[in-house]
$ cat input.pdb   # PDB, C-alpha atoms and all ligand atoms
MODEL        1
ATOM      1  CA  MET A1443       0.497   3.655 -21.639
ATOM      2  CA  PHE A1444       0.416   6.778 -19.571
ATOM      3  CA  GLU A1445      -2.661   7.579 -17.545
ATOM      4  CA  GLU A1446      -2.906  11.006 -19.128
ATOM      5  CA  ALA A1447      -4.146   9.379 -22.309
ATOM      6  CA  GLN A1448      -7.592   8.906 -20.778
ATOM      7  CA  TYR A1449      -7.733  12.447 -19.535
ATOM      8  CA  PHE A1450      -8.514  14.073 -22.881
ATOM      9  CA  ALA A1451     -11.369  13.302 -25.236
ATOM     10  CA  PRO A1452      -9.886  11.693 -28.368
ATOM     11  CA  VAL A1453      -9.758  13.899 -31.465
ATOM     12  CA  ALA A1454     -10.263  12.151 -34.807
ATOM     13  CA  THR A1455      -9.576  13.586 -38.245
ATOM     14  CA  ARG A1456     -11.943  12.068 -40.827
ATOM     15  CA  ASP A1457     -11.004  11.218 -44.415
ATOM     16  CA  ASP A1458     -12.675  14.401 -45.624
ATOM     17  CA  GLY A1459     -10.458  16.437 -43.305
ATOM     18  CA  THR A1460     -13.148  17.268 -40.760
ATOM     19  CA  VAL A1461     -12.171  17.076 -37.111
ATOM     20  CA  GLU A1462     -14.334  15.384 -34.510
ATOM     21  CA  VAL A1463     -13.901  15.409 -30.759
ATOM     22  CA  GLU A1464     -15.178  12.108 -29.376
ATOM     23  CA  LEU A1465     -16.863  12.989 -26.118
ATOM     24  CA  ALA A1466     -17.777  10.138 -23.806
ATOM     25  CA  ALA A1467     -21.497   9.566 -23.168
ATOM     26  CA  SER A1468     -20.920  10.693 -19.572
ATOM     27  CA  HIS A1469     -19.504  14.070 -20.698
ATOM     28  CA  PRO A1470     -21.789  16.981 -19.669
ATOM     29  CA  GLY A1471     -21.787  18.263 -23.276
ATOM     30  CA  PHE A1472     -22.377  14.891 -24.960
ATOM     31  CA  ALA A1473     -26.032  15.513 -25.830
ATOM     32  CA  ASP A1474     -25.604  19.167 -26.829
ATOM     33  CA  PRO A1475     -25.126  19.330 -30.620
ATOM     34  CA  VAL A1476     -24.218  23.033 -30.565
ATOM     35  CA  TYR A1477     -21.454  22.427 -28.034
ATOM     36  CA  ARG A1478     -20.228  19.392 -29.987
ATOM     37  CA  LEU A1479     -19.913  21.443 -33.170
ATOM     38  CA  ARG A1480     -17.987  24.165 -31.414
ATOM     39  CA  ARG A1481     -15.669  21.633 -29.805
ATOM     40  CA  ASN A1482     -14.932  20.232 -33.267
ATOM     41  CA  ALA A1483     -14.271  23.707 -34.671
ATOM     42  CA  ILE A1484     -11.963  24.644 -31.780
ATOM     43  CA  ALA A1485     -10.024  21.383 -32.126
ATOM     44  CA  ALA A1486      -9.590  22.064 -35.849
ATOM     45  CA  LEU A1487      -8.080  25.481 -35.058
ATOM     46  CA  ALA A1488      -5.207  23.905 -33.158
ATOM     47  CA  GLY A1489      -4.464  21.472 -35.975
ATOM     48  CA  GLY A1490      -4.155  24.355 -38.425
ATOM     49  CA  HIS A1491      -1.851  26.470 -36.264
ATOM     50  CA  VAL A1492       1.647  27.138 -37.560
ATOM     51  CA  PRO A1493       4.130  27.801 -34.729
ATOM     52  CA  GLY A1494       5.429  31.340 -34.871
ATOM     53  CA  THR A1495       2.144  32.726 -36.182
ATOM     54  CA  PRO A1496      -0.640  34.149 -33.987
ATOM     55  CA  ILE A1497      -2.851  31.581 -32.271
ATOM     56  CA  PRO A1498      -6.214  31.330 -34.093
ATOM     57  CA  VAL A1499      -9.106  33.032 -32.328
ATOM     58  CA  ALA A1500     -11.628  30.669 -30.727
ATOM     59  CA  GLU A1501     -15.179  31.996 -30.879
ATOM     60  CA  TYR A1502     -16.865  31.642 -27.518
ATOM     61  CA  THR A1503     -20.526  32.244 -26.773
ATOM     62  CA  GLY A1504     -21.805  34.699 -24.189
ATOM     63  CA  GLN A1505     -22.771  31.717 -22.065
ATOM     64  CA  GLU A1506     -19.195  30.431 -22.178
ATOM     65  CA  HIS A1507     -17.780  33.796 -21.146
ATOM     66  CA  GLU A1508     -20.216  33.689 -18.231
ATOM     67  CA  VAL A1509     -18.837  30.284 -17.199
ATOM     68  CA  TRP A1510     -15.336  31.778 -17.133
ATOM     69  CA  ALA A1511     -16.500  34.814 -15.154
ATOM     70  CA  LEU A1512     -18.281  32.666 -12.566
ATOM     71  CA  VAL A1513     -15.462  30.156 -12.104
ATOM     72  CA  SER A1514     -12.752  32.771 -12.111
ATOM     73  CA  ARG A1515     -14.583  34.783  -9.439
ATOM     74  CA  GLU A1516     -15.155  31.725  -7.249
ATOM     75  CA  LEU A1517     -11.590  30.468  -7.635
ATOM     76  CA  ALA A1518     -10.090  33.872  -6.832
ATOM     77  CA  ILE A1519     -11.873  33.775  -3.463
ATOM     78  CA  LYS A1520     -10.563  30.292  -2.746
ATOM     79  CA  HIS A1521      -7.063  31.154  -3.914
ATOM     80  CA  ARG A1522      -6.717  33.759  -1.207
ATOM     81  CA  LYS A1523      -7.282  31.026   1.341
ATOM     82  CA  TYR A1524      -5.561  28.071  -0.299
ATOM     83  CA  ALA A1525      -2.935  29.186  -2.854
ATOM     84  CA  THR A1526       0.723  29.839  -2.093
ATOM     85  CA  THR A1527       2.021  33.388  -1.820
ATOM     86  CA  GLU A1528       4.189  32.846  -4.894
ATOM     87  CA  TYR A1529       1.125  31.871  -6.950
ATOM     88  CA  LEU A1530      -0.963  34.785  -5.640
ATOM     89  CA  ASP A1531       1.814  37.252  -6.426
ATOM     90  CA  ALA A1532       2.206  35.790  -9.912
ATOM     91  CA  ALA A1533      -1.544  36.026 -10.562
ATOM     92  CA  GLU A1534      -1.338  39.662  -9.493
ATOM     93  CA  ARG A1535       1.454  40.206 -12.043
ATOM     94  CA  LEU A1536      -0.386  38.447 -14.866
ATOM     95  CA  ARG A1537      -3.798  40.045 -14.346
ATOM     96  CA  LEU A1538      -5.969  37.735 -16.399
ATOM     97  CA  PRO A1539      -9.340  39.135 -17.431
ATOM     98  CA  GLY A1540     -12.059  38.099 -15.007
ATOM     99  CA  GLU A1541     -15.198  38.699 -17.044
ATOM    100  CA  ARG A1542     -14.392  36.920 -20.314
ATOM    101  CA  ILE A1543     -12.289  34.041 -21.596
ATOM    102  CA  PRO A1544      -8.977  35.411 -22.828
ATOM    103  CA  GLN A1545      -7.709  34.185 -26.182
ATOM    104  CA  LEU A1546      -4.539  32.092 -25.873
ATOM    105  CA  GLN A1547      -2.712  34.686 -27.966
ATOM    106  CA  GLU A1548      -3.566  37.270 -25.365
ATOM    107  CA  VAL A1549      -2.407  34.985 -22.535
ATOM    108  CA  SER A1550       0.888  34.570 -24.392
ATOM    109  CA  GLU A1551       1.285  38.310 -24.768
ATOM    110  CA  LEU A1552       0.673  38.847 -21.051
ATOM    111  CA  LEU A1553       3.092  36.100 -20.039
ATOM    112  CA  GLU A1554       5.987  36.594 -22.386
ATOM    113  CA  PRO A1555       7.257  39.888 -20.933
ATOM    114  CA  LEU A1556       7.128  38.340 -17.449
ATOM    115  CA  THR A1557       8.822  34.959 -17.828
ATOM    116  CA  GLY A1558       9.238  34.378 -21.565
ATOM    117  CA  PHE A1559       6.524  31.702 -21.687
ATOM    118  CA  ARG A1560       4.194  31.529 -24.688
ATOM    119  CA  TYR A1561       1.129  29.384 -25.303
ATOM    120  CA  LEU A1562       0.592  26.901 -28.109
ATOM    121  CA  PRO A1563      -2.913  25.642 -28.982
ATOM    122  CA  ALA A1564      -3.590  21.907 -28.551
ATOM    123  CA  ALA A1565      -6.634  20.021 -29.836
ATOM    124  CA  GLY A1566      -6.429  17.447 -27.074
ATOM    125  CA  LEU A1567      -3.728  15.169 -25.748
ATOM    126  CA  VAL A1568      -0.246  16.158 -26.872
ATOM    127  CA  PRO A1569       2.303  13.305 -26.887
ATOM    128  CA  LEU A1570       4.252  13.517 -23.624
ATOM    129  CA  ARG A1571       7.607  14.034 -25.265
ATOM    130  CA  ASP A1572       6.326  17.078 -27.167
ATOM    131  CA  PHE A1573       4.281  18.446 -24.304
ATOM    132  CA  TYR A1574       7.180  18.395 -21.860
ATOM    133  CA  GLY A1575      10.002  18.925 -24.346
ATOM    134  CA  VAL A1576       8.846  22.361 -25.502
ATOM    135  CA  LEU A1577       8.571  23.571 -21.906
ATOM    136  CA  ALA A1578      12.362  23.797 -22.094
ATOM    137  CA  ASP A1579      11.934  26.467 -24.797
ATOM    138  CA  GLY A1580       9.239  28.319 -22.864
ATOM    139  CA  PHE A1581       6.205  26.959 -24.733
ATOM    140  CA  PHE A1582       3.086  25.615 -23.054
ATOM    141  CA  HIS A1583       0.555  23.508 -24.956
ATOM    142  CA  SER A1584      -2.988  24.419 -24.013
ATOM    143  CA  THR A1585      -6.494  23.358 -24.951
ATOM    144  CA  GLN A1586      -8.820  26.190 -26.004
ATOM    145  CA  TYR A1587     -12.290  24.819 -25.301
ATOM    146  CA  ILE A1588     -14.243  25.517 -22.147
ATOM    147  CA  ARG A1589     -16.346  23.088 -20.103
ATOM    148  CA  HIS A1590     -20.065  22.709 -20.803
ATOM    149  CA  HIS A1591     -22.183  25.505 -19.338
ATOM    150  CA  SER A1592     -24.499  23.024 -17.565
ATOM    151  CA  THR A1593     -21.710  22.144 -15.101
ATOM    152  CA  PRO A1594     -19.654  25.320 -14.648
ATOM    153  CA  LEU A1595     -17.837  23.983 -11.616
ATOM    154  CA  TYR A1596     -16.927  20.611 -13.089
ATOM    155  CA  THR A1597     -15.013  19.358 -16.091
ATOM    156  CA  PRO A1598     -13.864  15.835 -16.867
ATOM    157  CA  GLU A1599     -11.053  17.224 -19.067
ATOM    158  CA  PRO A1600      -8.458  19.962 -18.740
ATOM    159  CA  ASP A1601     -10.176  22.985 -20.338
ATOM    160  CA  VAL A1602      -9.069  26.578 -20.851
ATOM    161  CA  ILE A1603      -9.927  27.351 -17.222
ATOM    162  CA  HIS A1604      -7.456  24.729 -16.054
ATOM    163  CA  GLU A1605      -4.817  25.660 -18.616
ATOM    164  CA  VAL A1606      -4.972  29.391 -18.034
ATOM    165  CA  ILE A1607      -6.158  29.978 -14.456
ATOM    166  CA  GLY A1608      -4.204  26.961 -13.203
ATOM    167  CA  HIS A1609      -1.069  27.081 -15.346
ATOM    168  CA  ALA A1610      -0.661  30.616 -16.710
ATOM    169  CA  ASN A1611      -0.836  32.142 -13.239
ATOM    170  CA  ALA A1612       1.935  29.759 -12.142
ATOM    171  CA  LEU A1613       3.913  30.410 -15.337
ATOM    172  CA  ALA A1614       3.877  34.119 -14.483
ATOM    173  CA  SER A1615       6.156  33.336 -11.513
ATOM    174  CA  ASP A1616       9.891  33.443 -12.219
ATOM    175  CA  ARG A1617      10.488  30.582  -9.830
ATOM    176  CA  TYR A1618       7.659  28.266 -10.887
ATOM    177  CA  SER A1619       8.293  28.931 -14.579
ATOM    178  CA  ARG A1620      11.918  27.936 -14.047
ATOM    179  CA  LEU A1621      10.695  24.590 -12.682
ATOM    180  CA  TYR A1622       8.509  24.091 -15.786
ATOM    181  CA  ARG A1623      11.545  24.742 -17.983
ATOM    182  CA  LEU A1624      13.669  22.325 -15.983
ATOM    183  CA  ALA A1625      10.998  19.609 -16.346
ATOM    184  CA  GLY A1626      11.132  20.222 -20.096
ATOM    185  CA  GLY A1627      14.907  19.953 -20.168
ATOM    186  CA  ALA A1628      14.728  16.663 -18.258
ATOM    187  CA  ALA A1629      12.130  15.252 -20.668
ATOM    188  CA  ARG A1630      14.369  16.185 -23.610
ATOM    189  CA  ARG A1631      17.432  14.595 -22.022
ATOM    190  CA  VAL A1632      16.023  11.127 -21.397
ATOM    191  CA  GLU A1633      15.489   8.507 -24.061
ATOM    192  CA  SER A1634      13.638   5.696 -22.324
ATOM    193  CA  GLU A1635       9.873   5.746 -21.913
ATOM    194  CA  ARG A1636      10.297   4.697 -18.293
ATOM    195  CA  ALA A1637      12.447   7.697 -17.496
ATOM    196  CA  LEU A1638      10.015  10.006 -19.291
ATOM    197  CA  GLU A1639       7.129   8.545 -17.323
ATOM    198  CA  PHE A1640       9.066   9.022 -14.074
ATOM    199  CA  ILE A1641       9.661  12.687 -14.927
ATOM    200  CA  SER A1642       6.029  13.215 -15.923
ATOM    201  CA  LYS A1643       4.760  11.694 -12.679
ATOM    202  CA  ILE A1644       6.936  14.036 -10.666
ATOM    203  CA  PHE A1645       5.472  16.874 -12.735
ATOM    204  CA  TRP A1646       1.999  15.528 -11.922
ATOM    205  CA  PHE A1647       2.622  15.451  -8.170
ATOM    206  CA  THR A1648       4.270  18.881  -8.119
ATOM    207  CA  LEU A1649       3.284  21.372 -10.826
ATOM    208  CA  GLU A1650      -0.153  19.764 -11.294
ATOM    209  CA  PHE A1651      -1.029  18.629  -7.766
ATOM    210  CA  GLY A1652       1.683  19.973  -5.494
ATOM    211  CA  VAL A1653       1.115  21.404  -2.035
ATOM    212  CA  MET A1654       3.530  23.079   0.327
ATOM    213  CA  THR A1655       3.897  24.672   3.705
ATOM    214  CA  ASP A1656       3.318  28.381   3.222
ATOM    215  CA  GLN A1657       2.300  30.928   5.863
ATOM    216  CA  ASP A1658       2.438  28.073   8.409
ATOM    217  CA  GLU A1659      -0.317  26.097   6.718
ATOM    218  CA  LEU A1660      -0.811  23.730   3.827
ATOM    219  CA  ARG A1661      -1.328  25.627   0.575
ATOM    220  CA  ALA A1662      -1.463  24.515  -3.050
ATOM    221  CA  TYR A1663       0.667  25.565  -5.995
ATOM    222  CA  GLY A1664      -0.377  22.771  -8.403
ATOM    223  CA  ALA A1665      -2.493  23.889 -11.367
ATOM    224  CA  GLY A1666      -4.825  20.887 -11.064
ATOM    225  CA  ILE A1667      -5.851  21.815  -7.537
ATOM    226  CA  LEU A1668      -5.939  25.564  -8.093
ATOM    227  CA  SER A1669      -8.244  25.267 -11.118
ATOM    228  CA  SER A1670     -10.671  22.833  -9.478
ATOM    229  CA  TYR A1671     -13.550  24.317  -7.552
ATOM    230  CA  GLY A1672     -14.187  21.068  -5.679
ATOM    231  CA  GLU A1673     -10.680  19.765  -5.197
ATOM    232  CA  ILE A1674      -9.374  22.989  -3.704
ATOM    233  CA  GLU A1675     -11.689  22.512  -0.707
ATOM    234  CA  GLU A1676     -10.562  18.932  -0.202
ATOM    235  CA  PHE A1677      -6.802  18.806  -0.561
ATOM    236  CA  ARG A1678      -6.029  19.491   3.075
ATOM    237  CA  ASN A1679      -7.914  16.314   4.016
ATOM    238  CA  MET A1680      -5.954  14.055   1.680
ATOM    239  CA  ASP A1681      -3.109  11.687   2.496
ATOM    240  CA  ILE A1682      -0.259  14.212   2.624
ATOM    241  CA  ARG A1683       3.219  12.710   2.287
ATOM    242  CA  PRO A1684       6.680  14.233   2.431
ATOM    243  CA  LEU A1685       8.249  15.302  -0.862
ATOM    244  CA  ASP A1686      10.046  12.215  -2.174
ATOM    245  CA  LEU A1687      11.305  11.774  -5.728
ATOM    246  CA  VAL A1688      11.025   8.000  -5.863
ATOM    247  CA  ALA A1689       7.581   7.942  -4.284
ATOM    248  CA  MET A1690       6.295  10.614  -6.678
ATOM    249  CA  GLY A1691       7.913   8.999  -9.697
ATOM    250  CA  THR A1692       6.405   5.595  -8.994
ATOM    251  CA  THR A1693       3.051   6.232  -7.278
ATOM    252  CA  ARG A1694       0.088   5.373  -9.467
ATOM    253  CA  TYR A1695      -2.661   7.914  -9.732
ATOM    254  CA  ASP A1696      -6.193   7.958 -11.012
ATOM    255  CA  ILE A1697      -6.919  11.054 -13.046
ATOM    256  CA  THR A1698     -10.671  10.499 -12.965
ATOM    257  CA  LYS A1699     -11.093  11.349  -9.284
ATOM    258  CA  TYR A1700      -9.689  13.697  -6.678
ATOM    259  CA  GLN A1701      -6.034  13.007  -5.962
ATOM    260  CA  ASP A1702      -5.990  11.275  -2.594
ATOM    261  CA  VAL A1703      -2.211  11.149  -2.190
ATOM    262  CA  LEU A1704      -0.379  14.463  -2.307
ATOM    263  CA  PHE A1705       3.242  15.401  -1.657
ATOM    264  CA  ARG A1706       4.161  18.347   0.475
ATOM    265  CA  ALA A1707       7.251  20.526   0.054
ATOM    266  CA  GLU A1708       8.332  22.348   3.196
ATOM    267  CA  SER A1709       8.963  25.535   1.239
ATOM    268  CA  LEU A1710       9.559  26.771  -2.291
ATOM    269  CA  GLU A1711      13.315  26.458  -1.684
ATOM    270  CA  HIS A1712      12.753  22.853  -0.666
ATOM    271  CA  LEU A1713      10.824  22.186  -3.881
ATOM    272  CA  GLU A1714      13.562  23.828  -5.941
ATOM    273  CA  ASP A1715      16.321  21.937  -4.127
ATOM    274  CA  VAL A1716      14.713  18.528  -4.484
ATOM    275  CA  VAL A1717      12.635  18.623  -7.661
ATOM    276  CA  GLY A1718      14.355  21.453  -9.541
ATOM    277  CA  GLU A1719      17.753  19.918  -8.909
ATOM    278  CA  PHE A1720      16.496  16.487  -9.960
ATOM    279  CA  TRP A1721      15.092  17.780 -13.260
ATOM    280  CA  ALA A1722      18.233  19.817 -13.876
ATOM    281  CA  THR A1723      20.515  16.793 -13.579
ATOM    282  CA  CYS A1724      18.580  13.539 -14.096
ATOM    283  CA  ASP A1725      19.204  11.165 -16.979
ATOM    284  CA  ASP A1726      18.132   7.646 -17.986
ATOM    285  CA  GLU A1727      20.721   6.059 -15.726
ATOM    286  CA  SER A1728      20.065   8.080 -12.605
ATOM    287  CA  ILE A1729      16.331   7.436 -12.958
ATOM    288  CA  ALA A1730      16.865   3.693 -13.504
ATOM    289  CA  ARG A1731      18.934   3.654 -10.297
ATOM    290  CA  LEU A1732      16.185   5.427  -8.344
ATOM    291  CA  ILE A1733      13.598   2.931  -9.582
ATOM    292  CA  ALA A1734      15.891  -0.021  -8.750
ATOM    293  CA  ASP A1735      16.558   1.301  -5.248
ATOM    294  CA  GLU A1736      12.830   1.557  -4.699
ATOM    295  CA  ARG A1737      12.308  -2.070  -5.714
ATOM    296  CA  GLN A1738      15.034  -3.308  -3.358
ATOM    297  CA  GLY A1739      13.974  -1.041  -0.526
TER     298      GLY A1739
HETATM  299 FE    FE A1801      -2.393  20.715 -16.417
ENDMDL
END
$ encode --input "input.pdb" --output "structure tokens" --more "lines below"
Ligand SMILES: [Fe+2]
Amino acid sequence: MFEEAQYFAPVATRDDGTVEVELAASHPGFADPVYRLRRNAIAALAGGHVPGTPIPVAEYTGQEHEVWALVSRELAIKHRKYATTEYLDAAERLRLPGERIPQLQEVSELLEPLTGFRYLPAAGLVPLRDFYGVLADGFFHSTQYIRHHSTPLYTPEPDVIHEVIGHANALASDRYSRLYRLAGGAARRVESERALEFISKIFWFTLEFGVMTDQDELRAYGAGILSSYGEIEEFRNMDIRPLDLVAMGTTRYDITKYQDVLFRAESLEHLEDVVGEFWATCDDESIARLIADERQG
């Protein structure tokens, strides 16, 4: 089982066709019936979406737009200090709205002319093979809900702030979006679950939680760090290791807390040479060899 499975609240479809998002008792929105109902409605939207048609509109409250405005303002300040130049330039190209939550359809329409990427709505966890596979075609699965307003700077799950501020800004970069596509191609190419897991862990330690040397300091390009108000202040104090395919592909991680082991690329070229090249060429056999070498070494 992949760790990501615990990351998302499970979504159940009842016999009568109604959709229910099963929030854990520790979730900030657990005891808020209004929030629970909206989460169910937003999850149902994704289930009813037909690819190729416009993404259904999610109705957000004024309070939810305020959460977006607050977090997006705070993150923009931190990005100037902690995000890579490539990410900052891409965010400048994309120009997400700052005062309200953009609809995923709108995010798609901003992104597509830049790098060809389009968004697809997801109710919750998307099976890994689908999630990664469609990256090869320029599609990104995204949740539509936003975190509970009582904890604007914290979310236990990847919400629209993570998916859009973290990922869409990166997907607006020609060079990062190429890496996303290559990860998708790799996921399509392999058949074994082990190889798929290896690829997804490298994705985790790069496009989700990657850091690199940029402007002579450690900066982040991973969407998980760049969308987290708390984590972005902490990543420079973590255990920073050199970029290493086998280490990334086999290191266990705990999604429920800050990532304490991070892998540093020396530059964007370095990331492209090591990780881009790996995704462009890997297959079941080459990954099995890497894992075997690790065990002997
Ligand atoms: Fe993500």
$ closest_residue --input "input.pdb" --among "A:Ile1733, A:Val1688, A:Val1568, A:Leu1704" --to "ligand FE 1801 (chain A)" --atoms "only C-alpha atoms and all ligand atoms"
A:Val1568
$ residues_near_ligand --input "input.pdb" --ligand "ligand FE 1801 (chain A)" --cutoff "10 Å" --atoms "only C-alpha atoms and all ligand atoms" --output "list in words"
Phe1582, His1583, Ser1584, Thr1585, Glu1599, Pro1600, Asp1601, Val1602, His1604, Glu1605, Val1606, Gly1608, His1609, Phe1645, Trp1646, Leu1649, Glu1650, Phe1651, Gly1664, Ala1665, Gly1666, Ile1667 and Ser1669 of chain A
$ residues_around --input "input.pdb" --residues "Gly1471 of chain A" --least-positions-apart "5" --cutoff "10 Å" --atoms "all atoms listed in the file" --output "compact mmCIF listing (two decimals) with C-alpha atoms, keeping the file's coordinate frame"
# COMPACT_ATOMS: atom_id res chain seq x y z
CA LEU A 1465 -16.86 12.99 -26.12
CA ALA A 1466 -17.78 10.14 -23.81
CA VAL A 1476 -24.22 23.03 -30.56
CA TYR A 1477 -21.45 22.43 -28.03
CA ARG A 1478 -20.23 19.39 -29.99
CA ARG A 1481 -15.67 21.63 -29.80
CA ARG A 1589 -16.35 23.09 -20.10
CA HIS A 1590 -20.07 22.71 -20.80
CA HIS A 1591 -22.18 25.50 -19.34
CA SER A 1592 -24.50 23.02 -17.57
CA THR A 1593 -21.71 22.14 -15.10
CA THR A 1597 -15.01 19.36 -16.09
$ closest_atom_pairs --input "input.pdb" --of "segment 1605-1665 of chain A" --to "segment 1530-1533 of chain A" --cutoff "10 Å" --atoms "only C-alpha atoms" --output "JSON lines"
{"residue": "A:Ile1607", "atom": "CA", "partner": "A:Ala1533", "partner_atom": "CA", "distance": 8.5}
{"residue": "A:Gly1608", "atom": "CA", "partner": "A:Ala1533", "partner_atom": "CA", "distance": 9.8}
{"residue": "A:Ala1610", "atom": "CA", "partner": "A:Ala1533", "partner_atom": "CA", "distance": 8.2}
{"residue": "A:Asn1611", "atom": "CA", "partner": "A:Ala1533", "partner_atom": "CA", "distance": 4.8}
{"residue": "A:Ala1612", "atom": "CA", "partner": "A:Ala1532", "partner_atom": "CA", "distance": 6.4}
{"residue": "A:Leu1613", "atom": "CA", "partner": "A:Ala1532", "partner_atom": "CA", "distance": 7.8}
{"residue": "A:Ala1614", "atom": "CA", "partner": "A:Ala1532", "partner_atom": "CA", "distance": 5.1}
{"residue": "A:Ser1615", "atom": "CA", "partner": "A:Ala1532", "partner_atom": "CA", "distance": 4.9}
{"residue": "A:Asp1616", "atom": "CA", "partner": "A:Ala1532", "partner_atom": "CA", "distance": 8.4}
{"residue": "A:Arg1617", "atom": "CA", "partner": "A:Ala1532", "partner_atom": "CA", "distance": 9.8}
{"residue": "A:Tyr1618", "atom": "CA", "partner": "A:Ala1532", "partner_atom": "CA", "distance": 9.3}
{"residue": "A:Tyr1663", "atom": "CA", "partner": "A:Leu1530", "partner_atom": "CA", "distance": 9.4}
$ closest_atom_pairs --input "input.pdb" --of "segment 1477-1529 of chain A" --to "segment 1544-1562 of chain A" --cutoff "12 Å" --atoms "all atoms listed in the file" --output "JSON lines"
{"residue": "A:Ile1484", "atom": "CA", "partner": "A:Gln1545", "partner_atom": "CA", "distance": 11.9}
{"residue": "A:Leu1487", "atom": "CA", "partner": "A:Leu1562", "partner_atom": "CA", "distance": 11.2}
{"residue": "A:Ala1488", "atom": "CA", "partner": "A:Leu1562", "partner_atom": "CA", "distance": 8.3}
{"residue": "A:Gly1489", "atom": "CA", "partner": "A:Leu1562", "partner_atom": "CA", "distance": 10.8}
{"residue": "A:Gly1490", "atom": "CA", "partner": "A:Leu1562", "partner_atom": "CA", "distance": 11.6}
{"residue": "A:His1491", "atom": "CA", "partner": "A:Leu1562", "partner_atom": "CA", "distance": 8.5}
{"residue": "A:Val1492", "atom": "CA", "partner": "A:Leu1562", "partner_atom": "CA", "distance": 9.5}
{"residue": "A:Pro1493", "atom": "CA", "partner": "A:Leu1562", "partner_atom": "CA", "distance": 7.6}
{"residue": "A:Gly1494", "atom": "CA", "partner": "A:Leu1562", "partner_atom": "CA", "distance": 9.4}
{"residue": "A:Thr1495", "atom": "CA", "partner": "A:Gln1547", "partner_atom": "CA", "distance": 9.7}
{"residue": "A:Pro1496", "atom": "CA", "partner": "A:Gln1547", "partner_atom": "CA", "distance": 6.4}
{"residue": "A:Ile1497", "atom": "CA", "partner": "A:Gln1547", "partner_atom": "CA", "distance": 5.3}
{"residue": "A:Pro1498", "atom": "CA", "partner": "A:Gln1547", "partner_atom": "CA", "distance": 7.8}
{"residue": "A:Val1499", "atom": "CA", "partner": "A:Gln1545", "partner_atom": "CA", "distance": 6.4}
{"residue": "A:Ala1500", "atom": "CA", "partner": "A:Gln1545", "partner_atom": "CA", "distance": 7.0}
{"residue": "A:Glu1501", "atom": "CA", "partner": "A:Gln1545", "partner_atom": "CA", "distance": 9.1}
{"residue": "A:Tyr1502", "atom": "CA", "partner": "A:Gln1545", "partner_atom": "CA", "distance": 9.6}
{"residue": "A:Glu1506", "atom": "CA", "partner": "A:Pro1544", "partner_atom": "CA", "distance": 11.4}
{"residue": "A:His1507", "atom": "CA", "partner": "A:Pro1544", "partner_atom": "CA", "distance": 9.1}
{"residue": "A:Trp1510", "atom": "CA", "partner": "A:Pro1544", "partner_atom": "CA", "distance": 9.3}
{"residue": "A:Ala1511", "atom": "CA", "partner": "A:Pro1544", "partner_atom": "CA", "distance": 10.8}
{"residue": "A:Ser1514", "atom": "CA", "partner": "A:Pro1544", "partner_atom": "CA", "distance": 11.7}
$ closest_residue --input "input.pdb" --among "A:Glu1708, A:Asp1726, A:Glu1462, A:Glu1516" --to "Gln1657 of chain A" --atoms "only C-alpha atoms"
A:Glu1708
$ resolve_selection --input "input.pdb" --expression "the PyMOL selection byres (((chain A and resi 1624) around 10) and not hetatm)" --output "list of chain:residue names"
A:Tyr1574, A:Gly1575, A:Leu1577, A:Ala1578, A:Asp1579, A:Tyr1618, A:Ser1619, A:Arg1620, A:Leu1621, A:Tyr1622, A:Arg1623, A:Ala1625, A:Gly1626, A:Gly1627, A:Ala1628, A:Ala1629, A:Arg1630, A:Val1717, A:Gly1718, A:Glu1719, A:Phe1720, A:Trp1721, A:Ala1722, A:Thr1723
$ atom_distance --input "input.pdb" --atom1 "atom CA of Ile1674 of chain A" --atom2 "atom CA of Leu1517 of chain A"
8.7 Å
$ resolve_selection --input "input.pdb" --expression "the PyMOL selection byres (((chain A and resi 1701) around 9) and not hetatm)" --output "list of chain:residue names"
A:Phe1651, A:Ile1667, A:Glu1673, A:Phe1677, A:Met1680, A:Tyr1695, A:Asp1696, A:Ile1697, A:Thr1698, A:Lys1699, A:Tyr1700, A:Asp1702, A:Val1703, A:Leu1704
$ closest_residue --input "input.pdb" --among "A:Gly1459, A:Pro1475, A:Gly1652, A:Pro1569" --to "Ile1682 of chain A" --atoms "all atoms listed in the file"
A:Gly1652
$ closest_residue --input "input.pdb" --among "A:Pro1598, A:Leu1668, A:Arg1535, A:Ala1525" --to "Ser1468 of chain A" --atoms "all atoms listed in the file"
A:Pro1598
$ closest_residue --input "input.pdb" --among "A:Asp1658, A:Glu1675, A:Glu1714, A:Glu1736" --to "Thr1527 of chain A" --atoms "only C-alpha atoms"
A:Asp1658
$ closest_residue --input "input.pdb" --among "A:Ile1543, A:Leu1570, A:Val1653, A:Leu1687" --to "Cys1724 of chain A" --atoms "all atoms listed in the file"
A:Leu1687
$ residues_around --input "input.pdb" --residues "Thr1693 of chain A" --least-positions-apart "2" --cutoff "10 Å" --atoms "all atoms listed in the file" --output "VMD selection string"
chain A and resid 1640 1643 to 1644 1647 1688 to 1691 1695 1703
$ write_last_selection --input "input.pdb" --atoms "C-alpha atoms" --output "mmCIF file, keeping the file's coordinate frame"
data_model
loop_
_atom_site.group_PDB
_atom_site.id
_atom_site.type_symbol
_atom_site.label_atom_id
_atom_site.label_comp_id
_atom_site.auth_asym_id
_atom_site.auth_seq_id
_atom_site.Cartn_x
_atom_site.Cartn_y
_atom_site.Cartn_z
ATOM 1 C CA PHE A 1640 9.066 9.022 -14.074
ATOM 2 C CA LYS A 1643 4.760 11.694 -12.679
ATOM 3 C CA ILE A 1644 6.936 14.036 -10.666
ATOM 4 C CA PHE A 1647 2.622 15.451 -8.170
ATOM 5 C CA VAL A 1688 11.025 8.000 -5.863
ATOM 6 C CA ALA A 1689 7.581 7.942 -4.284
ATOM 7 C CA MET A 1690 6.295 10.614 -6.678
ATOM 8 C CA GLY A 1691 7.913 8.999 -9.697
ATOM 9 C CA TYR A 1695 -2.661 7.914 -9.732
ATOM 10 C CA VAL A 1703 -2.211 11.149 -2.190
#
